[in-house]
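*Asks:* If it helps, the file is called data_2.cif and holds mmCIF, C-alpha atoms:
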```cif
data_target
loop_
_atom_site.group_PDB
_atom_site.id
_atom_site.type_symbol
_atom_site.label_atom_id
_atom_site.label_comp_id
_atom_site.auth_asym_id
_atom_site.auth_seq_id
_atom_site.Cartn_x
_atom_site.Cartn_y
_atom_site.Cartn_z
ATOM 1 C CA MET A 1 0.000 0.000 0.000
ATOM 2 C CA ALA A 2 1.054 3.603 -0.467
ATOM 3 C CA GLU A 3 3.017 5.472 2.183
ATOM 4 C CA THR A 4 0.849 7.024 4.897
ATOM 5 C CA ARG A 5 0.850 10.835 4.796
ATOM 6 C CA LEU A 6 -0.786 12.871 7.567
ATOM 7 C CA HIS A 7 -2.314 16.222 6.615
ATOM 8 C CA CYS A 8 -3.124 18.032 9.865
ATOM 9 C CA LEU A 9 -5.619 20.889 10.071
ATOM 10 C CA GLU A 10 -7.016 23.040 12.851
ATOM 11 C CA THR A 11 -10.524 23.013 11.381
ATOM 12 C CA VAL A 12 -12.126 21.835 8.154
ATOM 13 C CA ASP A 13 -15.673 21.460 6.926
ATOM 14 C CA SER A 14 -15.343 17.665 6.804
ATOM 15 C CA THR A 15 -12.265 15.458 6.763
ATOM 16 C CA ASN A 16 -14.043 13.126 4.326
ATOM 17 C CA SER A 17 -14.741 16.059 2.004
ATOM 18 C CA GLU A 18 -11.115 17.170 2.261
ATOM 19 C CA ALA A 19 -9.967 13.677 1.277
ATOM 20 C CA TRP A 20 -12.245 13.662 -1.790
ATOM 21 C CA ARG A 21 -10.951 17.103 -2.768
ATOM 22 C CA ALA A 22 -7.457 15.610 -2.723
ATOM 23 C CA VAL A 23 -8.652 12.937 -5.137
ATOM 24 C CA ALA A 24 -10.021 15.647 -7.437
ATOM 25 C CA ARG A 25 -6.710 17.527 -7.313
ATOM 26 C CA GLU A 26 -4.190 14.687 -7.362
ATOM 27 C CA GLY A 27 -5.954 11.539 -8.520
ATOM 28 C CA ARG A 28 -4.201 8.347 -7.466
ATOM 29 C CA ALA A 29 -1.210 10.374 -6.264
ATOM 30 C CA ALA A 30 -3.317 11.116 -3.160
ATOM 31 C CA ASP A 31 -3.267 7.427 -2.180
ATOM 32 C CA GLY A 32 -2.264 7.025 1.480
ATOM 33 C CA LEU A 33 -3.474 10.457 2.580
ATOM 34 C CA VAL A 34 -4.767 10.763 6.149
ATOM 35 C CA VAL A 35 -6.603 13.993 6.945
ATOM 36 C CA VAL A 36 -6.607 14.863 10.656
ATOM 37 C CA ALA A 37 -8.501 17.846 12.078
ATOM 38 C CA ALA A 38 -8.965 19.248 15.576
ATOM 39 C CA GLY A 39 -12.496 20.311 14.610
ATOM 40 C CA GLN A 40 -15.067 20.161 11.810
ATOM 41 C CA THR A 41 -17.684 22.730 10.833
ATOM 42 C CA ALA A 42 -19.806 20.303 8.806
ATOM 43 C CA GLY A 43 -18.875 16.837 10.022
ATOM 44 C CA ARG A 44 -21.210 14.111 8.870
ATOM 45 C CA GLY A 45 -22.192 10.636 9.905
ATOM 46 C CA GLN A 46 -24.301 7.867 8.462
ATOM 47 C CA GLN A 47 -27.285 8.804 6.287
ATOM 48 C CA GLY A 48 -26.240 12.451 6.194
ATOM 49 C CA HIS A 49 -26.653 12.995 9.935
ATOM 50 C CA PRO A 50 -24.393 15.741 11.375
ATOM 51 C CA TRP A 51 -21.437 14.730 13.548
ATOM 52 C CA PHE A 52 -20.736 17.043 16.496
ATOM 53 C CA SER A 53 -17.087 18.061 16.076
ATOM 54 C CA GLN A 54 -16.029 20.508 18.780
ATOM 55 C CA VAL A 55 -12.565 21.969 18.203
ATOM 56 C CA GLY A 56 -9.973 20.384 20.461
ATOM 57 C CA ALA A 57 -12.355 17.789 21.906
ATOM 58 C CA GLY A 58 -12.076 14.838 19.540
ATOM 59 C CA LEU A 59 -10.198 13.123 16.742
ATOM 60 C CA TYR A 60 -11.742 13.788 13.333
ATOM 61 C CA MET A 61 -9.869 11.850 10.708
ATOM 62 C CA SER A 62 -10.259 10.374 7.231
ATOM 63 C CA THR A 63 -8.024 7.938 5.381
ATOM 64 C CA LEU A 64 -7.839 7.718 1.602
ATOM 65 C CA ASP A 65 -6.856 4.522 -0.158
ATOM 66 C CA PHE A 66 -6.951 3.157 -3.688
ATOM 67 C CA PRO A 67 -7.233 -0.552 -2.816
ATOM 68 C CA LEU A 68 -6.163 -3.333 -5.163
ATOM 69 C CA ASP A 69 -8.649 -5.977 -6.254
ATOM 70 C CA LEU A 70 -11.457 -5.054 -3.860
ATOM 71 C CA PRO A 71 -14.881 -5.997 -5.267
ATOM 72 C CA ALA A 72 -17.781 -3.641 -4.605
ATOM 73 C CA THR A 73 -19.529 -6.536 -2.875
ATOM 74 C CA GLU A 74 -17.057 -6.147 0.020
ATOM 75 C CA VAL A 75 -18.101 -2.540 0.778
ATOM 76 C CA PRO A 76 -20.672 -3.524 3.445
ATOM 77 C CA ARG A 77 -17.852 -5.062 5.495
ATOM 78 C CA LEU A 78 -15.749 -1.901 5.621
ATOM 79 C CA ALA A 79 -17.578 -0.015 8.380
ATOM 80 C CA ALA A 80 -17.253 -2.933 10.790
ATOM 81 C CA LEU A 81 -13.558 -3.266 9.925
ATOM 82 C CA GLY A 82 -13.160 0.437 10.639
ATOM 83 C CA ALA A 83 -14.774 0.062 14.060
ATOM 84 C CA GLU A 84 -12.524 -2.924 14.788
ATOM 85 C CA ALA A 85 -9.514 -0.814 13.806
ATOM 86 C CA VAL A 86 -10.520 1.871 16.322
ATOM 87 C CA LEU A 87 -10.767 -0.656 19.149
ATOM 88 C CA ALA A 88 -7.400 -2.152 18.191
ATOM 89 C CA ALA A 89 -5.726 1.275 18.060
ATOM 90 C CA LEU A 90 -7.133 2.280 21.445
ATOM 91 C CA ALA A 91 -6.064 -1.054 22.938
ATOM 92 C CA HIS A 92 -2.559 -0.665 21.494
ATOM 93 C CA LEU A 93 -2.297 2.729 23.192
ATOM 94 C CA GLY A 94 -3.685 1.464 26.498
ATOM 95 C CA CYS A 95 -6.819 3.609 26.447
ATOM 96 C CA CYS A 96 -9.598 1.279 25.302
ATOM 97 C CA PRO A 97 -12.542 1.154 27.731
ATOM 98 C CA ALA A 98 -13.067 -2.393 28.968
ATOM 99 C CA SER A 99 -16.773 -2.367 28.088
ATOM 100 C CA ALA A 100 -16.397 -0.903 24.581
ATOM 101 C CA VAL A 101 -18.324 -2.839 21.936
ATOM 102 C CA VAL A 102 -19.044 -2.475 18.236
ATOM 103 C CA LYS A 103 -22.671 -1.728 17.437
ATOM 104 C CA PRO A 104 -23.107 -2.798 13.807
ATOM 105 C CA PRO A 105 -22.473 -1.489 11.392
ATOM 106 C CA ASN A 106 -20.313 1.451 12.392
ATOM 107 C CA ASP A 107 -20.496 2.661 16.004
ATOM 108 C CA ILE A 108 -18.490 1.987 19.153
ATOM 109 C CA LEU A 109 -20.523 2.146 22.335
ATOM 110 C CA VAL A 110 -19.499 2.100 25.980
ATOM 111 C CA ASP A 111 -22.314 1.228 28.369
ATOM 112 C CA GLY A 112 -24.805 2.196 25.679
ATOM 113 C CA ARG A 113 -23.248 5.578 24.872
ATOM 114 C CA LYS A 114 -21.496 6.412 21.614
ATOM 115 C CA LEU A 115 -17.745 6.910 21.781
ATOM 116 C CA CYS A 116 -16.951 6.694 18.077
ATOM 117 C CA GLY A 117 -18.557 6.540 14.659
ATOM 118 C CA VAL A 118 -17.199 5.403 11.293
ATOM 119 C CA LEU A 119 -18.311 6.681 7.889
ATOM 120 C CA ILE A 120 -17.239 4.784 4.764
ATOM 121 C CA GLU A 121 -17.511 6.447 1.340
ATOM 122 C CA THR A 122 -16.372 4.797 -1.874
ATOM 123 C CA ARG A 123 -15.939 5.432 -5.582
ATOM 124 C CA LEU A 124 -16.637 2.385 -7.731
ATOM 125 C CA THR A 125 -15.714 1.372 -11.231
ATOM 126 C CA ALA A 126 -18.553 0.491 -13.568
ATOM 127 C CA PRO A 127 -19.278 -3.215 -14.084
ATOM 128 C CA GLY A 128 -19.098 -4.596 -17.579
ATOM 129 C CA PRO A 129 -19.216 -7.805 -19.557
ATOM 130 C CA GLY A 130 -17.093 -10.358 -17.753
ATOM 131 C CA HIS A 131 -16.115 -8.173 -14.789
ATOM 132 C CA GLU A 132 -17.801 -6.900 -11.652
ATOM 133 C CA ALA A 133 -17.772 -3.428 -10.143
ATOM 134 C CA MET A 134 -14.634 -2.753 -8.104
ATOM 135 C CA VAL A 135 -13.721 -0.236 -5.419
ATOM 136 C CA GLU A 136 -11.522 2.400 -7.028
ATOM 137 C CA ALA A 137 -11.148 4.604 -3.950
ATOM 138 C CA VAL A 138 -12.304 4.411 -0.349
ATOM 139 C CA VAL A 139 -12.447 7.195 2.230
ATOM 140 C CA ALA A 140 -12.874 5.987 5.802
ATOM 141 C CA GLY A 141 -13.952 8.706 8.224
ATOM 142 C CA PHE A 142 -13.526 8.361 11.992
ATOM 143 C CA GLY A 143 -14.910 10.526 14.772
ATOM 144 C CA ILE A 144 -13.711 9.672 18.289
ATOM 145 C CA ASN A 145 -14.832 11.621 21.345
ATOM 146 C CA LEU A 146 -11.750 12.339 23.459
ATOM 147 C CA HIS A 147 -11.895 15.341 25.800
ATOM 148 C CA HIS A 148 -15.621 16.154 25.955
ATOM 149 C CA GLY A 149 -17.009 16.831 29.401
ATOM 150 C CA PRO A 150 -20.632 16.075 30.291
ATOM 151 C CA ASP A 151 -21.762 19.584 29.348
ATOM 152 C CA ASP A 152 -19.741 19.850 26.123
ATOM 153 C CA PHE A 153 -22.203 17.819 24.062
ATOM 154 C CA PRO A 154 -25.396 19.418 22.776
ATOM 155 C CA ALA A 155 -28.399 18.752 24.999
ATOM 156 C CA ASP A 156 -29.794 16.121 22.652
ATOM 157 C CA LEU A 157 -26.556 14.078 22.829
ATOM 158 C CA ARG A 158 -25.741 14.251 26.532
ATOM 159 C CA SER A 159 -27.577 11.059 27.380
ATOM 160 C CA THR A 160 -26.287 9.098 24.386
ATOM 161 C CA ALA A 161 -22.629 10.167 23.912
ATOM 162 C CA THR A 162 -19.466 9.754 25.950
ATOM 163 C CA SER A 163 -15.719 10.397 25.667
ATOM 164 C CA LEU A 164 -12.464 8.871 26.824
ATOM 165 C CA ALA A 165 -12.084 11.670 29.375
ATOM 166 C CA GLN A 166 -15.556 11.072 30.816
ATOM 167 C CA LEU A 167 -14.740 7.390 31.107
ATOM 168 C CA GLY A 168 -11.507 8.106 32.991
ATOM 169 C CA CYS A 169 -9.315 6.692 30.230
ATOM 170 C CA PRO A 170 -5.952 8.139 29.180
ATOM 171 C CA VAL A 171 -6.297 10.428 26.169
ATOM 172 C CA PRO A 172 -3.507 10.160 23.556
ATOM 173 C CA THR A 173 -2.436 13.063 21.382
ATOM 174 C CA LEU A 174 -4.205 13.368 18.051
ATOM 175 C CA GLN A 175 -1.114 12.470 16.041
ATOM 176 C CA ILE A 176 -0.288 9.365 18.050
ATOM 177 C CA LEU A 177 -3.883 8.148 17.866
ATOM 178 C CA ALA A 178 -4.137 9.005 14.164
ATOM 179 C CA VAL A 179 -0.978 7.049 13.315
ATOM 180 C CA ALA A 180 -2.112 4.024 15.342
ATOM 181 C CA LEU A 181 -5.587 4.095 13.806
ATOM 182 C CA ALA A 182 -4.309 4.542 10.248
ATOM 183 C CA ARG A 183 -2.031 1.543 10.741
ATOM 184 C CA GLU A 184 -4.808 -0.677 12.127
ATOM 185 C CA TRP A 185 -7.268 0.347 9.402
ATOM 186 C CA ARG A 186 -4.802 -0.126 6.575
ATOM 187 C CA HIS A 187 -3.731 -3.535 7.904
ATOM 188 C CA ARG A 188 -7.355 -4.644 7.742
ATOM 189 C CA LEU A 189 -7.957 -3.160 4.323
ATOM 190 C CA SER A 190 -4.756 -4.796 3.095
ATOM 191 C CA ALA A 191 -5.836 -8.187 4.450
ATOM 192 C CA LEU A 192 -9.250 -7.802 2.820
ATOM 193 C CA THR A 193 -7.591 -7.325 -0.566
ATOM 194 C CA GLU A 194 -5.379 -10.374 0.096
ATOM 195 C CA GLU A 195 -2.192 -8.403 0.420
ATOM 196 C CA GLN A 196 0.339 -9.273 3.097
ATOM 197 C CA PRO A 197 -0.299 -7.212 6.262
ATOM 198 C CA LEU A 198 2.481 -4.950 7.462
ATOM 199 C CA HIS A 199 4.104 -5.810 10.777
ATOM 200 C CA ALA A 200 6.233 -2.711 11.381
ATOM 201 C CA SER A 201 5.014 0.801 12.026
ATOM 202 C CA PRO A 202 4.672 2.675 8.735
ATOM 203 C CA ASP A 203 6.771 5.631 7.781
ATOM 204 C CA VAL A 204 4.567 8.658 8.135
ATOM 205 C CA LEU A 205 5.005 12.043 6.532
ATOM 206 C CA PHE A 206 3.441 15.065 8.229
ATOM 207 C CA HIS A 207 2.037 18.260 6.798
ATOM 208 C CA HIS A 208 0.576 20.861 9.149
ATOM 209 C CA SER A 209 -1.717 23.775 8.357
ATOM 210 C CA HIS A 210 -1.787 25.952 11.479
ATOM 211 C CA ALA A 211 -2.990 23.219 13.816
ATOM 212 C CA PRO A 212 -1.898 24.117 17.375
ATOM 213 C CA HIS A 213 -3.952 21.268 18.874
ATOM 214 C CA LEU A 214 -1.671 18.822 17.038
ATOM 215 C CA ALA A 215 1.845 18.087 18.219
ATOM 216 C CA ALA A 216 4.510 19.303 15.801
ATOM 217 C CA THR A 217 6.781 16.279 15.998
ATOM 218 C CA LYS A 218 6.558 12.773 14.620
ATOM 219 C CA PRO A 219 5.274 10.475 17.392
ATOM 220 C CA THR A 220 6.946 7.245 18.362
ATOM 221 C CA THR A 221 4.609 4.256 18.242
#
```
Could you quickly redo this structure as structure tokens?

*Replies:*
Amino acid sequence: MAETRLHCLETVDSTNSEAWRAVAREGRAADGLVVVAAGQTAGRGQQGHPWFSQVGAGLYMSTLDFPLDLPATEVPRLAALGAEAVLAALAHLGCCPASAVVKPPNDILVDGRKLCGVLIETRLTAPGPGHEAMVEAVVAGFGINLHHGPDDFPADLRSTATSLAQLGCPVPTLQILAVALAREWRHRLSALTEEQPLHASPDVLFHHSHAPHLAATKPTT
């Protein structure tokens, strides 16, 4: 798979939208891009629902991949793989709540409250005689509640959402969590396309655009 490249922003309308804009600008040269933002102004979840994205309170991140040999029929599996990748990344960093579970297809709940959501968007090739539709590009969006206090969520979410801080879990920096999550997601996507999974931490290139909530140095994982 392509080298992982982190593009770090203070705020953006949507990290998924930013990833698709990179596709429009760069085509397949954007493969491996990971957009990380400290806040979103128009974050979105499943079925067009808004995703609350307070600046400095969560990880808002999208990965962009051009997978090899991934049939469109596998798309329904991607959201669950994304949720599994979040749990694995949190466990690797020692901050996964013991009671965290995946609520199919795309949420992570802790004691019935949402900690994380995953949004998968794809671009498919057209099917034709003798060949099926394939996934040309996939953007996997992740929203993880990190620092929110009980009163930080809008009133309609306070009884249904939670964060690592509320749960008393350690909260990693955005870059460290983003690198761990990108690795876990891309391992799973690689395995799904029958490539050999990577066993070492990937080399990661960083690009920052005035993002003070993000550490300025390459983390060690």

*Asks:* Calculated over only C-alpha atoms, which of the candidates A:Arg158, A:Leu109, A:Leu64, A:Pro170 has the smallest distance to Glu26 (chain A)?

*Replies:*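 Checking each of A:Arg158, A:Leu109, A:Leu64, A:Pro170 against Glu26 (chain A), counting only C-alpha atoms, the winner is A:Leu64.
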
*Asks:* Work out how far CA of Gly39 (chain A) is from CA of Thr4 (chain A), in Å to one decimal.

*Replies:*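 If I compute the distance from CA of Thr4 (chain A) to CA of Gly39 (chain A), I get 21.2 Å.
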
*Asks:* Using the chain letters and numbers from the file, which residues does the PyMOL selection byres ((chain A and resi 161) around 6) grab, as a count of residues only?

*Replies:* 6

*Asks:* Of the candidates A:Gln166, A:Gln47, A:Thr73, A:Thr63, which one gets nearest to Ala137 (chain A) if we count all atoms listed in the file?

*Replies:*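 Closest to Ala137 (chain A) of all the choices is A:Thr63.
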
*Asks:* Can you pull out every residue within 10 Å of Ser99 (chain A), counting only C-alpha atoms, but drop anything in the same chain fewer than 4 positions away, and send it as a list of chain:residue names?

*Replies:*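 Counting only the stated atoms, we get A:Leu109, A:Val110, A:Asp111, A:Gly112.
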
*Asks:* Selection in question (the file shown): the PyMOL selection byres ((chain A and resi 183) around 9). Which residues does it include, as a ChimeraX atom specification?

*Replies:* /A:4,85,89,178-182,184-188,198,201-202

*Asks:* Could you jot down the CA of Val34 (chain A) to CA of Gly141 (chain A) separation for me, Å, one decimal place?

*Replies:*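 Here the two named atoms are 9.6 Å from each other.
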
*Asks:* Pull out every residue that the PyMOL selection byres ((chain A and resi 75) around 10) matches in the shown coordinates and put them as an mmCIF file with C-alpha atoms, in the frame of the given file.

*Replies:*
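Written out: expr.cif:
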```
data_model
loop_
_atom_site.group_PDB
_atom_site.id
_atom_site.type_symbol
_atom_site.label_atom_id
_atom_site.label_comp_id
_atom_site.auth_asym_id
_atom_site.auth_seq_id
_atom_site.Cartn_x
_atom_site.Cartn_y
_atom_site.Cartn_z
ATOM 1 C CA LEU A 70 -11.457 -5.054 -3.860
ATOM 2 C CA PRO A 71 -14.881 -5.997 -5.267
ATOM 3 C CA ALA A 72 -17.781 -3.641 -4.605
ATOM 4 C CA THR A 73 -19.529 -6.536 -2.875
ATOM 5 C CA GLU A 74 -17.057 -6.147 0.020
ATOM 6 C CA PRO A 76 -20.672 -3.524 3.445
ATOM 7 C CA ARG A 77 -17.852 -5.062 5.495
ATOM 8 C CA LEU A 78 -15.749 -1.901 5.621
ATOM 9 C CA ALA A 79 -17.578 -0.015 8.380
ATOM 10 C CA ILE A 120 -17.239 4.784 4.764
ATOM 11 C CA GLU A 121 -17.511 6.447 1.340
ATOM 12 C CA THR A 122 -16.372 4.797 -1.874
ATOM 13 C CA LEU A 124 -16.637 2.385 -7.731
ATOM 14 C CA MET A 134 -14.634 -2.753 -8.104
ATOM 15 C CA VAL A 135 -13.721 -0.236 -5.419
ATOM 16 C CA VAL A 138 -12.304 4.411 -0.349
#
```

*Asks:* Using the incomplete input, complete region 44-66 of chain A to the level of N, CA and C atoms; output as a compact mmCIF listing (two decimals), keeping the file's coordinate frame.

*Replies:*
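File out.txt, as written:
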```
# COMPACT_ATOMS: atom_id res chain seq x y z
N ARG A 44 -20.02 14.90 9.18
CA ARG A 44 -21.21 14.11 8.87
C ARG A 44 -21.03 12.66 9.26
N GLY A 45 -22.18 12.04 9.56
CA GLY A 45 -22.19 10.64 9.90
C GLY A 45 -23.03 9.86 8.91
N GLN A 46 -23.50 8.71 9.34
CA GLN A 46 -24.30 7.87 8.46
C GLN A 46 -25.59 8.58 8.06
N GLN A 47 -26.02 8.32 6.83
CA GLN A 47 -27.28 8.80 6.29
C GLN A 47 -27.40 10.33 6.35
N GLY A 48 -26.23 11.00 6.24
CA GLY A 48 -26.24 12.45 6.19
C GLY A 48 -26.44 13.13 7.52
N HIS A 49 -26.49 12.38 8.62
CA HIS A 49 -26.65 13.00 9.94
C HIS A 49 -25.41 13.82 10.29
N PRO A 50 -25.57 14.95 10.97
CA PRO A 50 -24.39 15.74 11.38
C PRO A 50 -23.61 15.03 12.47
N TRP A 51 -22.30 15.28 12.50
CA TRP A 51 -21.44 14.73 13.55
C TRP A 51 -20.87 15.90 14.34
N PHE A 52 -21.20 15.95 15.63
CA PHE A 52 -20.74 17.04 16.50
C PHE A 52 -19.22 16.98 16.61
N SER A 53 -18.55 18.08 16.24
CA SER A 53 -17.09 18.06 16.08
C SER A 53 -16.46 19.29 16.74
N GLN A 54 -16.57 19.37 18.04
CA GLN A 54 -16.03 20.51 18.78
C GLN A 54 -14.52 20.58 18.64
N VAL A 55 -14.01 21.78 18.38
CA VAL A 55 -12.56 21.97 18.20
C VAL A 55 -11.83 21.59 19.49
N GLY A 56 -10.81 20.76 19.34
CA GLY A 56 -9.97 20.38 20.46
C GLY A 56 -10.53 19.29 21.34
N ALA A 57 -11.72 18.77 21.02
CA ALA A 57 -12.36 17.79 21.91
C ALA A 57 -12.29 16.37 21.39
N GLY A 58 -12.05 16.18 20.09
CA GLY A 58 -12.08 14.84 19.54
C GLY A 58 -11.05 14.65 18.44
N LEU A 59 -10.98 13.43 17.94
CA LEU A 59 -10.20 13.12 16.74
C LEU A 59 -11.16 13.01 15.58
N TYR A 60 -10.94 13.81 14.56
CA TYR A 60 -11.74 13.79 13.33
C TYR A 60 -10.76 13.50 12.21
N MET A 61 -10.93 12.38 11.57
CA MET A 61 -9.87 11.85 10.71
C MET A 61 -10.47 11.06 9.56
N SER A 62 -9.85 11.17 8.39
CA SER A 62 -10.26 10.37 7.23
C SER A 62 -9.03 9.83 6.54
N THR A 63 -9.09 8.56 6.16
CA THR A 63 -8.02 7.94 5.38
C THR A 63 -8.49 7.78 3.94
N LEU A 64 -7.55 7.88 3.03
CA LEU A 64 -7.84 7.72 1.60
C LEU A 64 -6.96 6.62 1.04
N ASP A 65 -7.60 5.63 0.44
CA ASP A 65 -6.86 4.52 -0.16
C ASP A 65 -7.44 4.15 -1.51
N PHE A 66 -6.57 3.74 -2.40
CA PHE A 66 -6.95 3.16 -3.69
C PHE A 66 -6.63 1.66 -3.59
```
